[in-house]
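Scroll down for the structure; my scribbles are underneath it.
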There are 2 protein chains.
Amino acid sequence: MGVTIRKIAQDLNLAISTVSKALRDSHEISPETKARVFEYAAKMNYTPNPYASSLKGRKSGNIAVVVPEVSDTFFAEAIDGIEEVAQLNGYHVMIYLTHEDVVQEQSIIREFGNGRVDGVLISIAASTSPADHLRDLKIPMVFFDRVCEDIPTTRVVTNDYESGYYAAKHLIGRGCKRLAFLSAYGDLSIIRHRQEGYSKALDEYGVERENCLTVQCTNEENENLKILRGLLEGKNRPDAIIGSVEKVTMHAYTACHTLNLSIPYDVKIIGFSHLQIASLLNPSLTTITQPAYEMGKAAASALFKALAKKNFDLKDEQIVIPSMLVERTSTR
Amino acid sequence: MGVTIRKIAQDLNLAISTVSKALRDSHEISPETKARVFEYAAKMNYTPNPYASSLKGRKSGNIAVVVPEVSDTFFAEAIDGIEEVAQLNGYHVMIYLTHEDVVQEQSIIREFGNGRVDGVLISIAASTSPADHLRDLKIPMVFFDRVCEDIPTTRVVTNDYESGYYAAKHLIGRGCKRLAFLSAYGDLSIIRHRQEGYSKALDEYGVERENCLTVQCTNEENENLKILRGLLEGKNRPDAIIGSVEKVTMHAYTACHTLNLSIPYDVKIIGFSHLQIASLLNPSLTTITQPAYEMGKAAASALFKALAKKNFDLKDEQIVIPSMLVERTSTR
DNA sequence: GTGAAAGCGCTAACAC
DNA sequence: GTGTTAGCGCTTTCAC
């Protein structure tokens, strides 16, 4: 094993407790002793075993980040933000991937009562099942992006309703009359909000509702391509598509390419997406860009603030960080 | 705190050790007692505190993954593979980002002697400094992709030399005569190998060396765009570019777009990249695609195999998983 | 100002 | 088959 406090004590001819106190800069230890201990500890490259301390009621110094996947630019950027704040606060980050599977999410969460982590940041799996496994978690938890609205804790989100509204408004302003909203796999509140905003815009601008539709997509690329080809090959093909998540937006691109449909002439496309390279796509994609990095930072900050308090209290509040509509060629 | 083994013992009127043994399915415990314990533990949603066990010389069950960044499709996919293998082996994954900063990498690694993690998977930061901080690590470590060749441990890589060779060969076969190899920030062995392969192809196919060049890029987008504009605006502009990493390849795209240079007519581009959406770029990008997911899995598997042994021995070997050249429009 | 000792949750000898 | 005990590395009373 590594070098322990006991070894330092022996080598320096001190009591274990003296060394412990010296290292924590206790006022009851003489400056000389402290200096001796610090110096020797540094020389031996000593770092305390975090888990030994964690046993004495103190914390493990680890937090868990639970996300559907990491190969998604949104989550990757969010993790970036989380990691940065964590390092600043001396915390370590554990990653858990659910792959959109609630069963896996449950079994991951269920383990969080045992002290491995002090707190949880989570973006839930898309699914219709109840969230009981989240409700009786014994450690502080902060939601980001994909939240559970009926659990009283801090939730960091973006302005999904407004974003859906602006996306539709943008397309309507471009002359589109037959809009299609591509919903995502599962039943996420954020997707619902985006869709509600979209509906609101349709009504407000008097777009014929029977010419517009909502398409329920899946988590499977081939499945989605089939659905989209059906949508785009039929007559009354939509003249605009709103992709509610990055993945289905990319599928819409692929489908258009396959069918030789021109974006934006045949179909205009706007996507909720965090793609850095949206501007390099063919054609460049108009996006609703979520502040992934900032959301990650905000969520982590809220969690660490709670962990710093003795009661771990987390306000039941929603922190909203707005998205940005970035206009590019796909809706020109 | 959560429910402990002691509470179960009290409630069931058993000794702590009896409960402990029962939970580990020891043969010295009667079936009835085991059943009672299992049932009650399940009912109480008991999971053992991993760190209490870790103190008894056993392991924390955590591994560290140290990468430059997570917002890079290669690393994201690799993490995906790592996480999958980790879950199968009952291990938990901690993420550390170095942001290409060796100093940060050092301070991260230095902490790994204290028992927080049992092993390390690392893809090193691009940098010219020595790797002493990696050499005296006390726990098993496996390199993947960006390896340190002079440290005797398992290294999972792709066939960089051959890939560089094939990339150049592909461009030469397309009639290119003035090739530019965009090197990446720092001094990584994998980039050197790619470049050596590229040079080999130039020689083998008798391409005029004075018409070809290697451009040292940075980690800064604006810096790179300046460099690339210089390269592309001069006379004797290259007719082909090899991007040695995803980032600089994207910068080359941006530079060409800015200068209104047509890809592939004015310049053909091939990139080492793991972009899922390479086919949706403008134009679709010919890539050397690294098996990120498989490399992550292989690295994790090697580590867990070592952790399963009592001596943690890791063979000093190189595991090579080949890349694939996927031809698309950018080199047509 | 320093040290001895108890205890965090758990495992593993070693009794009985 | 079950219980007692010591101890992992550390913090924290409480003595001296």
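Ordering of the structure tokens sets the chain letters (A, B, ...); residue numbers start at 1 within each chain; ligands are numbered from 1 in the order shown.
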
Q.
Give me, as a PyMOL selection string, the residues of chain B touching chain C, with the criterion being at most 9 Å (counting only C-alpha atoms (C1' of nucleotides)).
A. chain B and resi 4-6+17+20-21+48-56

Could you build a table of the residues in chain A lying no more than 8 Å from chain B, giving for each the nearest pair of atoms and their separation in Å rounded to one decimal place, using only C-alpha atoms, ordered by chain and ascending residue number, as JSON lines?
```
{"residue": "A:Met1", "atom": "CA", "partner": "B:Gly113", "partner_atom": "CA", "distance": 7.8}
{"residue": "A:Gly2", "atom": "CA", "partner": "B:Gly113", "partner_atom": "CA", "distance": 5.6}
{"residue": "A:Val3", "atom": "CA", "partner": "B:Asn114", "partner_atom": "CA", "distance": 7.9}
{"residue": "A:Asn45", "atom": "CA", "partner": "B:Arg110", "partner_atom": "CA", "distance": 7.8}
{"residue": "A:Tyr46", "atom": "CA", "partner": "B:Asn114", "partner_atom": "CA", "distance": 7.9}
{"residue": "A:Thr47", "atom": "CA", "partner": "B:Asn114", "partner_atom": "CA", "distance": 5.9}
{"residue": "A:Pro48", "atom": "CA", "partner": "B:Asn114", "partner_atom": "CA", "distance": 6.1}
{"residue": "A:Asn49", "atom": "CA", "partner": "B:Asn114", "partner_atom": "CA", "distance": 4.8}
{"residue": "A:Pro50", "atom": "CA", "partner": "B:Arg116", "partner_atom": "CA", "distance": 6.5}
{"residue": "A:Tyr51", "atom": "CA", "partner": "B:Tyr51", "partner_atom": "CA", "distance": 5.3}
{"residue": "A:Ala52", "atom": "CA", "partner": "B:Leu55", "partner_atom": "CA", "distance": 6.7}
{"residue": "A:Ser54", "atom": "CA", "partner": "B:Tyr51", "partner_atom": "CA", "distance": 7.8}
{"residue": "A:Leu55", "atom": "CA", "partner": "B:Ala52", "partner_atom": "CA", "distance": 6.7}
{"residue": "A:Glu69", "atom": "CA", "partner": "B:Asp80", "partner_atom": "CA", "distance": 7.6}
{"residue": "A:Val70", "atom": "CA", "partner": "B:Ala76", "partner_atom": "CA", "distance": 5.7}
{"residue": "A:Ser71", "atom": "CA", "partner": "B:Ala76", "partner_atom": "CA", "distance": 5.0}
{"residue": "A:Thr73", "atom": "CA", "partner": "B:Ser71", "partner_atom": "CA", "distance": 6.5}
{"residue": "A:Ala76", "atom": "CA", "partner": "B:Ser71", "partner_atom": "CA", "distance": 5.0}
{"residue": "A:Glu77", "atom": "CA", "partner": "B:Ser71", "partner_atom": "CA", "distance": 5.8}
{"residue": "A:Ile79", "atom": "CA", "partner": "B:Val70", "partner_atom": "CA", "distance": 7.6}
{"residue": "A:Asp80", "atom": "CA", "partner": "B:Val70", "partner_atom": "CA", "distance": 6.8}
{"residue": "A:Glu83", "atom": "CA", "partner": "B:Leu97", "partner_atom": "CA", "distance": 7.3}
{"residue": "A:His92", "atom": "CA", "partner": "B:Met94", "partner_atom": "CA", "distance": 7.1}
{"residue": "A:Val93", "atom": "CA", "partner": "B:Met94", "partner_atom": "CA", "distance": 5.5}
{"residue": "A:Met94", "atom": "CA", "partner": "B:Met94", "partner_atom": "CA", "distance": 4.2}
{"residue": "A:Ile95", "atom": "CA", "partner": "B:Val93", "partner_atom": "CA", "distance": 5.7}
{"residue": "A:Tyr96", "atom": "CA", "partner": "B:Val93", "partner_atom": "CA", "distance": 7.4}
{"residue": "A:Leu97", "atom": "CA", "partner": "B:Glu83", "partner_atom": "CA", "distance": 7.3}
{"residue": "A:Arg110", "atom": "CA", "partner": "B:Asn45", "partner_atom": "CA", "distance": 7.8}
{"residue": "A:Glu111", "atom": "CA", "partner": "B:Thr47", "partner_atom": "CA", "distance": 6.4}
{"residue": "A:Gly113", "atom": "CA", "partner": "B:Gly2", "partner_atom": "CA", "distance": 5.7}
{"residue": "A:Asn114", "atom": "CA", "partner": "B:Asn49", "partner_atom": "CA", "distance": 4.8}
{"residue": "A:Gly115", "atom": "CA", "partner": "B:Asn49", "partner_atom": "CA", "distance": 6.0}
{"residue": "A:Arg116", "atom": "CA", "partner": "B:Pro50", "partner_atom": "CA", "distance": 6.5}
{"residue": "A:Lys138", "atom": "CA", "partner": "B:Gly2", "partner_atom": "CA", "distance": 7.7}
{"residue": "A:Met250", "atom": "CA", "partner": "B:Ile277", "partner_atom": "CA", "distance": 7.8}
{"residue": "A:Tyr253", "atom": "CA", "partner": "B:Leu280", "partner_atom": "CA", "distance": 7.3}
{"residue": "A:Thr254", "atom": "CA", "partner": "B:Leu280", "partner_atom": "CA", "distance": 7.2}
{"residue": "A:Ile277", "atom": "CA", "partner": "B:Met250", "partner_atom": "CA", "distance": 7.8}
{"residue": "A:Leu280", "atom": "CA", "partner": "B:Leu281", "partner_atom": "CA", "distance": 5.7}
{"residue": "A:Leu281", "atom": "CA", "partner": "B:Leu281", "partner_atom": "CA", "distance": 4.0}
{"residue": "A:Asn282", "atom": "CA", "partner": "B:Asn282", "partner_atom": "CA", "distance": 4.2}
{"residue": "A:Pro283", "atom": "CA", "partner": "B:Asn282", "partner_atom": "CA", "distance": 6.5}
{"residue": "A:Ser284", "atom": "CA", "partner": "B:Asn282", "partner_atom": "CA", "distance": 7.8}
```

For those residues, write N, CA and C atoms to a file as a compact mmCIF listing (two decimals), in the first residue's frame.
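Saved result, again_32.txt, follows:
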```
# COMPACT_ATOMS: atom_id res chain seq x y z
N MET A 1 0.83 -1.23 0.00
CA MET A 1 0.00 0.00 0.00
C MET A 1 0.86 1.27 0.00
N GLY A 2 0.20 2.36 -0.08
CA GLY A 2 0.89 3.64 -0.08
C GLY A 2 1.41 3.99 1.30
N VAL A 3 1.97 5.18 1.41
CA VAL A 3 2.48 5.61 2.71
C VAL A 3 1.32 6.12 3.56
N ASN A 45 5.57 11.88 -0.49
CA ASN A 45 4.46 11.95 -1.42
C ASN A 45 3.19 11.38 -0.79
N TYR A 46 2.96 11.77 0.43
CA TYR A 46 1.79 11.26 1.15
C TYR A 46 0.51 11.96 0.72
N THR A 47 -0.51 11.18 0.43
CA THR A 47 -1.86 11.75 0.37
C THR A 47 -2.76 10.84 1.18
N PRO A 48 -3.65 11.41 1.95
CA PRO A 48 -4.48 10.60 2.85
C PRO A 48 -5.38 9.65 2.07
N ASN A 49 -5.61 8.52 2.63
CA ASN A 49 -6.57 7.58 2.06
C ASN A 49 -7.97 8.15 2.26
N PRO A 50 -8.62 8.53 1.17
CA PRO A 50 -9.89 9.23 1.31
C PRO A 50 -10.97 8.36 1.95
N TYR A 51 -10.85 7.08 1.77
CA TYR A 51 -11.92 6.22 2.23
C TYR A 51 -11.81 5.91 3.71
N ALA A 52 -10.61 6.00 4.24
CA ALA A 52 -10.47 5.85 5.68
C ALA A 52 -11.16 7.03 6.36
N SER A 54 -13.50 8.76 5.06
CA SER A 54 -14.93 8.74 4.77
C SER A 54 -15.67 7.89 5.79
N LEU A 55 -14.98 6.92 6.37
CA LEU A 55 -15.63 6.08 7.36
C LEU A 55 -16.01 6.87 8.60
N GLU A 69 -25.77 8.76 -22.15
CA GLU A 69 -24.59 8.38 -22.92
C GLU A 69 -23.58 9.51 -22.88
N VAL A 70 -22.37 9.19 -23.29
CA VAL A 70 -21.33 10.21 -23.27
C VAL A 70 -20.95 10.59 -24.70
N SER A 71 -21.31 9.75 -25.65
CA SER A 71 -21.04 10.05 -27.06
C SER A 71 -22.12 10.94 -27.62
N THR A 73 -22.74 15.13 -27.90
CA THR A 73 -22.00 16.35 -27.63
C THR A 73 -22.57 17.13 -26.45
N ALA A 76 -21.32 15.34 -23.28
CA ALA A 76 -19.87 15.46 -23.20
C ALA A 76 -19.49 16.86 -22.69
N GLU A 77 -20.12 17.87 -23.24
CA GLU A 77 -19.81 19.24 -22.82
C GLU A 77 -20.25 19.49 -21.38
N ILE A 79 -20.40 17.33 -19.02
CA ILE A 79 -19.43 16.66 -18.16
C ILE A 79 -18.17 17.52 -18.02
N ASP A 80 -17.80 18.14 -19.11
CA ASP A 80 -16.68 19.07 -19.08
C ASP A 80 -16.90 20.13 -18.00
N GLU A 83 -16.83 18.53 -14.48
CA GLU A 83 -15.48 18.15 -14.05
C GLU A 83 -14.69 19.37 -13.60
N HIS A 92 -14.13 14.37 -6.85
CA HIS A 92 -13.82 13.46 -7.95
C HIS A 92 -15.12 13.00 -8.59
N VAL A 93 -15.05 12.74 -9.90
CA VAL A 93 -16.27 12.49 -10.67
C VAL A 93 -16.37 11.04 -11.13
N MET A 94 -17.46 10.38 -10.77
CA MET A 94 -17.70 9.03 -11.27
C MET A 94 -18.77 9.09 -12.36
N ILE A 95 -18.54 8.34 -13.43
CA ILE A 95 -19.44 8.38 -14.57
C ILE A 95 -20.27 7.10 -14.65
N TYR A 96 -21.55 7.27 -14.86
CA TYR A 96 -22.44 6.12 -15.05
C TYR A 96 -23.29 6.34 -16.28
N LEU A 97 -23.32 5.36 -17.17
CA LEU A 97 -24.10 5.48 -18.39
C LEU A 97 -25.32 4.55 -18.33
N ARG A 110 -29.64 2.60 -7.03
CA ARG A 110 -29.87 1.84 -5.81
C ARG A 110 -28.59 1.67 -5.00
N GLU A 111 -27.46 1.68 -5.70
CA GLU A 111 -26.19 1.49 -5.00
C GLU A 111 -25.71 2.76 -4.30
N GLY A 113 -26.63 4.43 -1.90
CA GLY A 113 -26.87 4.65 -0.49
C GLY A 113 -25.68 4.25 0.37
N ASN A 114 -24.70 3.64 -0.24
CA ASN A 114 -23.66 2.98 0.55
C ASN A 114 -22.41 3.80 0.81
N GLY A 115 -22.43 5.07 0.42
CA GLY A 115 -21.28 5.91 0.73
C GLY A 115 -20.24 6.02 -0.38
N ARG A 116 -20.47 5.34 -1.48
CA ARG A 116 -19.47 5.43 -2.55
C ARG A 116 -19.38 6.85 -3.08
N LYS A 138 -30.95 8.63 -0.77
CA LYS A 138 -30.64 9.20 0.53
C LYS A 138 -29.58 10.30 0.49
N MET A 250 -29.90 14.49 -37.02
CA MET A 250 -28.92 13.88 -37.92
C MET A 250 -29.59 12.83 -38.80
N TYR A 253 -31.23 14.52 -41.62
CA TYR A 253 -30.24 14.87 -42.65
C TYR A 253 -29.96 13.66 -43.53
N THR A 254 -29.69 12.56 -42.88
CA THR A 254 -29.36 11.35 -43.64
C THR A 254 -30.52 10.98 -44.57
N ILE A 277 -19.79 21.32 -34.80
CA ILE A 277 -19.51 21.33 -36.21
C ILE A 277 -20.76 21.53 -37.04
N LEU A 280 -20.27 22.99 -40.26
CA LEU A 280 -19.55 22.28 -41.31
C LEU A 280 -20.41 21.21 -41.98
N LEU A 281 -21.65 21.10 -41.54
CA LEU A 281 -22.53 20.09 -42.12
C LEU A 281 -22.95 20.50 -43.52
N ASN A 282 -23.54 19.56 -44.23
CA ASN A 282 -24.00 19.79 -45.59
C ASN A 282 -25.52 19.73 -45.65
N PRO A 283 -26.21 20.87 -45.66
CA PRO A 283 -25.67 22.21 -45.47
C PRO A 283 -25.52 22.50 -43.98
N SER A 284 -24.91 23.63 -43.68
CA SER A 284 -24.73 23.99 -42.27
C SER A 284 -26.10 24.06 -41.59
```

Report as a tab-separated table the residues of chain D within 10 Å of chain B, each with its shortest atom pair and distance in Å (one decimal), using only C-alpha atoms (C1' of nucleotides), ordered by chain and increasing residue number.
```
residue	atom	partner	partner_atom	distance
D:DG1	C1'	B:Ile29	CA	5.8
D:DT2	C1'	B:Thr18	CA	6.5
D:DG3	C1'	B:Ala15	CA	5.9
D:DT4	C1'	B:Ala15	CA	9.0
D:DG7	C1'	B:Lys56	CA	8.1
D:DC8	C1'	B:Lys56	CA	4.4
D:DG9	C1'	B:Leu55	CA	7.2
```

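Going from CA of Val67 (chain A) over to CA of Val117 (chain B), you cover 21.4 Å.
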
Q) DSSP on the backbone: what in region 161-295 of chain B comes out alpha helix (DSSP H), as JSON, numbers by chain? A) {"B": [161, 162, 163, 164, 165, 166, 167, 168, 169, 170, 171, 172, 173, 189, 190, 191, 192, 193, 194, 195, 196, 197, 198, 199, 200, 201, 202, 203, 204, 221, 222, 223, 224, 225, 226, 227, 228, 229, 230, 231, 232, 233, 246, 247, 248, 249, 250, 251, 252, 253, 254, 255, 256, 257, 258, 292, 293, 294, 295]}

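As for CA of Val207 (chain B) and CA of Ser330 (chain B), they are spaced 20.8 Å apart.
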
What lies within 10 Å of Asn236 (chain A) using only C-alpha atoms (C1' of nucleotides), ignoring chain neighbours under 2 positions off, as a short mmCIF file (atom, residue, chain, number, x, y, z; two decimals) with N, CA and C atoms, in the first residue's frame?
```
data_model
loop_
_atom_site.label_atom_id
_atom_site.label_comp_id
_atom_site.auth_asym_id
_atom_site.auth_seq_id
_atom_site.Cartn_x
_atom_site.Cartn_y
_atom_site.Cartn_z
N ARG A 178 -46.01 23.60 -43.58
CA ARG A 178 -46.26 22.21 -43.17
C ARG A 178 -45.08 21.76 -42.31
N ASN A 211 -52.02 20.44 -41.38
CA ASN A 211 -50.84 20.27 -42.24
C ASN A 211 -49.56 19.99 -41.44
N CYS A 212 -49.70 20.07 -40.14
CA CYS A 212 -48.52 19.87 -39.30
C CYS A 212 -48.66 18.59 -38.50
N LEU A 231 -42.25 9.58 -44.05
CA LEU A 231 -42.72 10.96 -43.90
C LEU A 231 -42.39 11.80 -45.13
N LEU A 232 -41.18 11.62 -45.64
CA LEU A 232 -40.68 12.52 -46.69
C LEU A 232 -41.07 12.07 -48.10
N GLU A 233 -41.44 10.82 -48.24
CA GLU A 233 -41.81 10.34 -49.56
C GLU A 233 -43.29 10.54 -49.85
N GLY A 234 -44.09 10.57 -48.82
CA GLY A 234 -45.52 10.73 -49.02
C GLY A 234 -45.82 12.06 -49.69
N PRO A 238 -43.70 17.39 -45.50
CA PRO A 238 -43.50 18.61 -44.73
C PRO A 238 -42.46 19.50 -45.41
N ASP A 239 -42.59 20.80 -45.23
CA ASP A 239 -41.57 21.69 -45.79
C ASP A 239 -40.61 22.18 -44.71
#
```

Q: Once DSSP has gone over the backbone, tell me which residues of region 47-278 of chain A are in strand (DSSP E or B), as a PyMOL selection string.
A: chain A and resi 62-67+92-97+119-122+141-144+155-157+179-183+213-216+240-243+268-272

Residues as selected, N, CA and C atoms, written as a compact mmCIF listing (two decimals), in the first residue's frame, can you do that?
```txt
# COMPACT_ATOMS: atom_id res chain seq x y z
N ASN A 62 -16.39 11.95 -3.61
CA ASN A 62 -16.79 11.54 -4.96
C ASN A 62 -18.23 11.95 -5.23
N ILE A 63 -18.49 12.37 -6.45
CA ILE A 63 -19.88 12.54 -6.86
C ILE A 63 -20.13 11.67 -8.09
N ALA A 64 -21.39 11.34 -8.28
CA ALA A 64 -21.76 10.52 -9.44
C ALA A 64 -22.43 11.38 -10.49
N VAL A 65 -22.08 11.14 -11.72
CA VAL A 65 -22.76 11.77 -12.84
C VAL A 65 -23.45 10.67 -13.64
N VAL A 66 -24.76 10.71 -13.68
CA VAL A 66 -25.52 9.66 -14.36
C VAL A 66 -26.15 10.24 -15.62
N VAL A 67 -25.73 9.75 -16.77
CA VAL A 67 -26.25 10.27 -18.04
C VAL A 67 -26.57 9.10 -18.98
N HIS A 92 -14.13 14.37 -6.85
CA HIS A 92 -13.82 13.46 -7.95
C HIS A 92 -15.12 13.00 -8.59
N VAL A 93 -15.05 12.74 -9.90
CA VAL A 93 -16.27 12.49 -10.67
C VAL A 93 -16.37 11.04 -11.13
N MET A 94 -17.46 10.38 -10.77
CA MET A 94 -17.70 9.03 -11.27
C MET A 94 -18.77 9.09 -12.36
N ILE A 95 -18.54 8.34 -13.43
CA ILE A 95 -19.44 8.38 -14.57
C ILE A 95 -20.27 7.10 -14.65
N TYR A 96 -21.55 7.27 -14.86
CA TYR A 96 -22.44 6.12 -15.05
C TYR A 96 -23.29 6.34 -16.28
N LEU A 97 -23.32 5.36 -17.17
CA LEU A 97 -24.10 5.48 -18.39
C LEU A 97 -25.32 4.55 -18.33
N GLY A 119 -22.94 12.65 -3.60
CA GLY A 119 -24.05 13.33 -4.25
C GLY A 119 -24.16 12.89 -5.69
N VAL A 120 -25.27 13.26 -6.31
CA VAL A 120 -25.54 12.78 -7.67
C VAL A 120 -25.99 13.91 -8.58
N LEU A 121 -25.44 13.94 -9.78
CA LEU A 121 -25.95 14.79 -10.84
C LEU A 121 -26.54 13.86 -11.88
N ILE A 122 -27.78 14.12 -12.27
CA ILE A 122 -28.39 13.15 -13.17
C ILE A 122 -29.22 13.81 -14.26
N MET A 141 -29.22 15.19 -4.67
CA MET A 141 -29.24 14.95 -6.10
C MET A 141 -29.70 16.21 -6.82
N VAL A 142 -29.02 16.53 -7.91
CA VAL A 142 -29.41 17.67 -8.74
C VAL A 142 -29.67 17.16 -10.15
N PHE A 143 -30.78 17.57 -10.72
CA PHE A 143 -31.09 17.21 -12.09
C PHE A 143 -30.52 18.25 -13.04
N PHE A 144 -30.10 17.80 -14.20
CA PHE A 144 -29.78 18.78 -15.24
C PHE A 144 -30.32 18.29 -16.58
N ARG A 155 -33.16 21.78 -10.11
CA ARG A 155 -33.17 21.29 -11.49
C ARG A 155 -32.58 22.37 -12.39
N VAL A 156 -31.56 22.03 -13.13
CA VAL A 156 -30.94 22.97 -14.06
C VAL A 156 -31.41 22.64 -15.47
N VAL A 157 -32.11 23.56 -16.07
CA VAL A 157 -32.66 23.30 -17.40
C VAL A 157 -32.41 24.50 -18.32
N LEU A 179 -45.21 21.97 -41.03
CA LEU A 179 -44.11 21.67 -40.12
C LEU A 179 -44.23 20.28 -39.52
N ALA A 180 -43.10 19.65 -39.33
CA ALA A 180 -43.09 18.37 -38.62
C ALA A 180 -42.15 18.48 -37.43
N PHE A 181 -42.66 18.07 -36.30
CA PHE A 181 -41.84 18.06 -35.08
C PHE A 181 -41.42 16.63 -34.80
N LEU A 182 -40.13 16.37 -34.83
CA LEU A 182 -39.65 15.02 -34.56
C LEU A 182 -39.44 14.86 -33.06
N SER A 183 -40.33 14.12 -32.45
CA SER A 183 -40.21 13.85 -31.04
C SER A 183 -39.12 12.80 -30.84
N LEU A 213 -47.55 18.06 -38.12
CA LEU A 213 -47.67 16.84 -37.32
C LEU A 213 -46.47 16.64 -36.39
N THR A 214 -46.68 15.73 -35.47
CA THR A 214 -45.62 15.34 -34.56
C THR A 214 -45.30 13.88 -34.85
N VAL A 215 -44.03 13.61 -35.02
CA VAL A 215 -43.63 12.25 -35.35
C VAL A 215 -42.86 11.68 -34.16
N GLN A 216 -43.33 10.54 -33.72
CA GLN A 216 -42.65 9.90 -32.60
C GLN A 216 -41.48 9.08 -33.13
N ALA A 240 -40.80 21.68 -43.51
CA ALA A 240 -39.88 22.05 -42.42
C ALA A 240 -39.88 20.96 -41.36
N ILE A 241 -38.70 20.74 -40.80
CA ILE A 241 -38.57 19.73 -39.76
C ILE A 241 -37.87 20.34 -38.55
N ILE A 242 -38.43 20.06 -37.39
CA ILE A 242 -37.76 20.43 -36.14
C ILE A 242 -37.29 19.16 -35.47
N GLY A 243 -36.01 19.01 -35.31
CA GLY A 243 -35.48 17.83 -34.62
C GLY A 243 -35.37 18.13 -33.14
N LYS A 268 -36.72 22.56 -44.94
CA LYS A 268 -35.84 23.29 -44.04
C LYS A 268 -35.74 22.50 -42.74
N ILE A 269 -34.58 22.55 -42.14
CA ILE A 269 -34.38 21.77 -40.91
C ILE A 269 -33.74 22.63 -39.83
N ILE A 270 -34.28 22.49 -38.65
CA ILE A 270 -33.66 23.14 -37.49
C ILE A 270 -33.56 22.08 -36.40
N GLY A 271 -32.47 22.08 -35.68
CA GLY A 271 -32.30 21.01 -34.71
C GLY A 271 -31.89 21.51 -33.34
N PHE A 272 -32.44 20.88 -32.31
CA PHE A 272 -31.92 21.10 -30.97
C PHE A 272 -30.63 20.32 -30.92
```

**Q.** Non-local contacts of Asn311 (chain B) (10 Å; only C-alpha atoms (C1' of nucleotides); under 4 positions in same chain excluded) as a ChimeraX atom specification
**A.** /B:140,306-307

I need the chosen residues saved as a tab-separated table (two decimals), in the first residue's frame, with C-alpha atoms.
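Result file follows (out.tsv):
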```
chain	number	residue	atom	x	y	z
B	140	PRO	CA	-1.56	-0.91	-12.46
B	306	ALA	CA	-4.44	-7.63	-14.08
B	307	LEU	CA	-6.54	-6.53	-11.12
```

Q: Identify which of the residues B:Thr258, B:Asn89, B:Ser127, B:Ser199 lies closest to Asn219 (chain B), counting only C-alpha atoms when measuring atom-to-atom distances.
A: B:Ser127

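Here CA of Lys169 (chain A) and CA of Glu196 (chain A) stand 12.7 Å from one another.
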
Q | Proximity to DC10 (chain D) - best of A:Thr154, A:Ser273, A:Leu23, A:Gln10, only C-alpha atoms (C1' of nucleotides) | A | A:Leu23
